[in-house]
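Novice: Quick one: the structure is below, questions incoming.
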Amino acid sequence: MKIALFATCIVDAMYPRTARATVTILERLGHEVIFPAGQACCGQMHVNSGYFKEALPVVANHVAAFDTDDYDVAVAPSGSCVASVKHQHELVARRCGDAALEARAAVVGAKTYELSQLLTDVLGVTNAAEQLGSYFPHKVTYHPSCHGMRLLKLGDRQLNLLSSVAGIEMVELPEAEQCCGFGGTFSMKNADVSSAMNADKAANICGTGAELCSGGDASCLLHIGGGLSRQGSHVGTLHFAEILACTLDRPATVLGEVQLAGGKR
Amino acid sequence: MSNTFLGMPSLPVFGSGNLNATEPFPKAARRELANTQLRANLGHATATIRDKRLKVVAELPDWEDMRDSGSAIKDATMANLPALLEQFEANFTVRGGVIHWARDAQEANEIVTALIQATGESEVVKVKSMATQEIGLNEYLQEQGIAAYETDLAELIVQLDHDKPSHILVPAIHKNRSQIREIFLREMVDVDPGLSDDPARLAEAARKHLRKKFLSAKVAVSGANFGLAETGTLTVVESEGNGRMCLTLPETLITVMGIEKLLPSFTDLEVFMQLLPRSSTGERMNPYTSLWTGVTPGDGPQNVHLVMLDNGRTAALADKMGRTALNCIRCSACMNVCPVYERTGGHAYGSTYPGPIGAILSPLMTGITSEENNSLPYASSLCGACYDACPVKINIPEVLVHLRGEDVDSTRGKVKVPTQMDLMMKGAQWAFSSGSHLNLLEKGLPLGKLVAGRNKVIKKLPGIAAGWTQSRDIPAPPSQSFRQWWAKEHKPGSAVGPGTTTEGEQA
Ligand code: SF4
């Protein structure tokens, strides 16, 4: 299958390793990955902040980059960005009165998957250890991000994939379904409430005794990780794609702020 | 009232009364967040109701179908509201009731006052009602020399404490029982000085306190949960029985109801009598449901009045996207699951309607440009928990985003100096509307390393981003973006993996 990777702006700029892990997984399964060079961002920050007019060129750019027959499906390692592509792009086009863009956005949206959705529903991955050789001998807890959980209805897909990794010890996160408080510009406009939400999330994570917290949205992980780091916690955050990409031969060693035992390769 | 009347009736007519926030939400939220007792009380109470609700909702295999039905009935009601209102009026009148139409809070208050004054009474008992909270009826009556006694236990607690409700269903949710005991000891005449904080003892004290009022009151004021157009019937759903006392004992009954509370037919009630109790109190059924249709000679109130309140509802109805907010049956499920409400409480929202529904309803009813209400649509992380919980499936996050758009558009081009947010959005528009623009920016990523401290994190950012770094670090960015790496190194089929660290990614 030919798969177009939508890296998303945060992953592209801040967490390139998540996108690389995504490529690794898909290629390991024997698929061809392409990277449409014109892509930039899904525009959800603009839309969620009410800047529909400013969102229009961002949406148009995404649709132009992905509205081709060059690939079978598109994938992004981010529930909220996929939710934006699937649910917001048509809305923005409609609100700005661009019917042609609205129709093209619908086509792109229908072809776009969140990574765990693609792996589970389309590529039939049910056991990461067997099918991907995933090996990750660490104690991990998992935060299901709101948009994946509620807008995309991802259910336990990410969690099931993580649980099927060899060597991993998954520990349950209390109040897992509570929002971490990121919410894009909410974290700046309502910084106090956002901080209070994040503090509770961090306390719950630390209480599990896990070495790190995994999830499927770089932005939530950036938020949670930023709170943990400020509190001096040694618990890090790591995207589930990066855990799936780890094998016995290629363990995660030192990845950004995440410090794991195992030394450098 | 935020709109000046210029002599010509103009649409939409916005609402007035207790719908406006008096300060921006972030500021009010900061103050409430500092109240640790409030946070503890709220966290405990909302978690308890949340769990109860989840349990009883899970019992029903057709819960989702029922939500769809509830939503569809309400959508149909809103689409046909003028005709249904006329039908209701005809049926209510023919059975001996009197209808009054109130355009805004002031008109409604004047009508109720005149009705009470006509009876010669100076005391009324009240059934818990959001509509009368919204118009500030108790305060208005007080100014006219009429004392209004709340009879719902939680509402009574708030009234005795000279406080404001902070939740639409559990107005005293922000108080714990020892605080309630203190209020009773301080404010209730002839209360037992040895009163304990056992909930049963507290309820008993309230019951004794109210009994005299029930038996002597000649006039009652109520709200209504539903109005049935087909028969002209009004409905009050409650759990203490105080409502039924007020609805049956006095001679005069005055009900204030928002015009959106209609249901087309009697059988529609079946759906809502299942949706409402499970969503609000986590009960399978509420203990008391009272229905009354006009006047029954010799039984119950002989003077039955209904004030039909607009107060911004037609303005909300005129917003095609926002009008679903009028489907709300005031169950409060959305506030019980809202992580923002759970931490700030209801007072931070300023309006009678707090929480997620308040964040859309207040601006819809008063206009997005009204006073501080424009900060309300931003009082959400858009986590979507409210939409999942709402028994009539109001897509609150979608309406929040829509209202943010209205807010941004309403100031577009009007202010001379763009806000920091405007500038940020403009900049991001440039960066995010082309792959090459973003690539160019990403060439600057290594600079982030310089900003970061020795432990590879950024601890302080300027401007609006400072809100982020007040409690959160930002990791130093990598030296190379994904797209740069891809352009340089990726060949299809070549093994890449997380172990392959590049310069700049190593700690
Ligand atoms: S918006 Fe929905 S959940 Fe919230 S109070 Fe209204 S009916 Fe209940």
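Scheme for the structure tokens: letters A, B, ... for chains in order shown; per-chain residue numbers from 1; ligand numbers from 1 in order shown.
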Find the residues near ligand 1. Use a cut-off of 6 Å, count only C-alpha atoms and all ligand atoms, and write them as a PDB file with C-alpha atoms, in the first residue's frame.
Specialist:
ATOM      1  CA  CYS B 328     -31.044  22.088  26.785  1.00  0.00           C
ATOM      2  CA  ILE B 329     -33.198  20.461  29.459  1.00  0.00           C
ATOM      3  CA  ARG B 330     -31.026  21.816  32.305  1.00  0.00           C
ATOM      4  CA  CYS B 331     -29.939  18.412  33.556  1.00  0.00           C
ATOM      5  CA  SER B 332     -26.445  19.667  34.476  1.00  0.00           C
ATOM      6  CA  ALA B 333     -24.654  16.557  33.192  1.00  0.00           C
ATOM      7  CA  CYS B 334     -22.332  18.748  31.127  1.00  0.00           C
ATOM      8  CA  ILE B 357     -23.918  25.026  28.462  1.00  0.00           C
ATOM      9  CA  ALA B 389     -22.707  13.440  28.369  1.00  0.00           C
ATOM     10  CA  CYS B 390     -25.506  15.636  27.057  1.00  0.00           C
ATOM     11  CA  PRO B 391     -28.787  13.686  26.943  1.00  0.00           C
ATOM     12  CA  VAL B 392     -30.049  15.757  24.013  1.00  0.00           C
ATOM     13  CA  ILE B 394     -25.970  19.359  22.047  1.00  0.00           C
TER      14      ILE B 394
END
Novice: Would you pick out the contacts of A:Lys201 at 10 Å or less, using only C-alpha atoms, so that residues sharing its chain but fewer than 3 positions from it are not included, and give the list as a list in words?
Specialist: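 Listed by chain and then number, they are His143, Leu173, Pro174, Glu175, Ala176, Glu177, Gln178, Cys179, Cys180, Gly181, Ser195, Ala196, Met197, Asn198, Asn204, Ile205, Cys206, Gly207, Ile224, Gly227 and Leu228 of chain A.
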Novice: Take atom CA of B:Ser16 and atom CA of B:Met308 and report the distance between them in Å, one decimal.
Specialist: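 Spanning atom CA of B:Ser16 to atom CA of B:Met308 is a straight-line distance of 15.0 Å.
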Novice: Please indicate the distance in Å from atom CA of B:Leu215 to atom CA of B:Val304, rounded to one decimal place.
Specialist: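 Those two atoms sit 18.5 Å apart.
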Novice: Measuring between only C-alpha atoms, which one of A:Pro77, A:Gly167, A:Gly38, A:Pro137 shows the shortest distance to chain B?
Specialist: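 Counting only C-alpha atoms, the residue closest to chain B is A:Gly38.
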Novice: If we count only C-alpha atoms, what is near stretch 183-193 of chain B at a cut-off of 8 Å, once residues fewer than 2 positions away on the same chain are taken out, given as a CSV table (one decimal) with N, CA, C and O atoms, in the first residue's frame?
Specialist:
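Contents of part_13.csv, freshly written:
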chain,number,residue,atom,x,y,z
B,157,ILE,N,-30.4,26.9,51.2
B,157,ILE,CA,-29.1,27.1,51.8
B,157,ILE,C,-28.4,28.3,51.2
B,157,ILE,O,-27.9,29.2,51.9
B,160,LEU,N,-30.3,31.5,52.3
B,160,LEU,CA,-30.0,31.9,53.7
B,160,LEU,C,-28.6,32.5,53.8
B,160,LEU,O,-28.3,33.3,54.7
B,161,ASP,N,-27.7,31.9,53.0
B,161,ASP,CA,-26.3,32.4,53.1
B,161,ASP,C,-26.0,33.7,52.3
B,161,ASP,O,-24.9,34.1,52.2
B,179,GLN,N,-20.4,23.4,56.6
B,179,GLN,CA,-20.7,24.8,56.3
B,179,GLN,C,-22.2,25.0,56.3
B,179,GLN,O,-22.6,26.1,56.7
B,180,ILE,N,-23.0,24.0,55.8
B,180,ILE,CA,-24.4,24.2,55.8
B,180,ILE,C,-25.0,24.3,57.2
B,180,ILE,O,-25.8,25.1,57.5
B,181,ARG,N,-24.4,23.4,58.1
B,181,ARG,CA,-24.8,23.5,59.5
B,181,ARG,C,-24.6,24.9,60.1
B,181,ARG,O,-25.5,25.5,60.7
B,195,LEU,N,-27.9,21.3,66.7
B,195,LEU,CA,-28.0,20.7,65.3
B,195,LEU,C,-26.7,20.1,64.9
B,195,LEU,O,-25.6,20.7,65.0
B,205,ALA,N,-34.2,19.9,59.8
B,205,ALA,CA,-34.3,21.3,60.2
B,205,ALA,C,-34.9,22.2,59.1
B,205,ALA,O,-35.7,23.0,59.4
B,209,HIS,N,-38.4,24.3,59.2
B,209,HIS,CA,-38.4,25.7,58.9
B,209,HIS,C,-39.4,26.0,57.8
B,209,HIS,O,-40.0,27.1,57.9
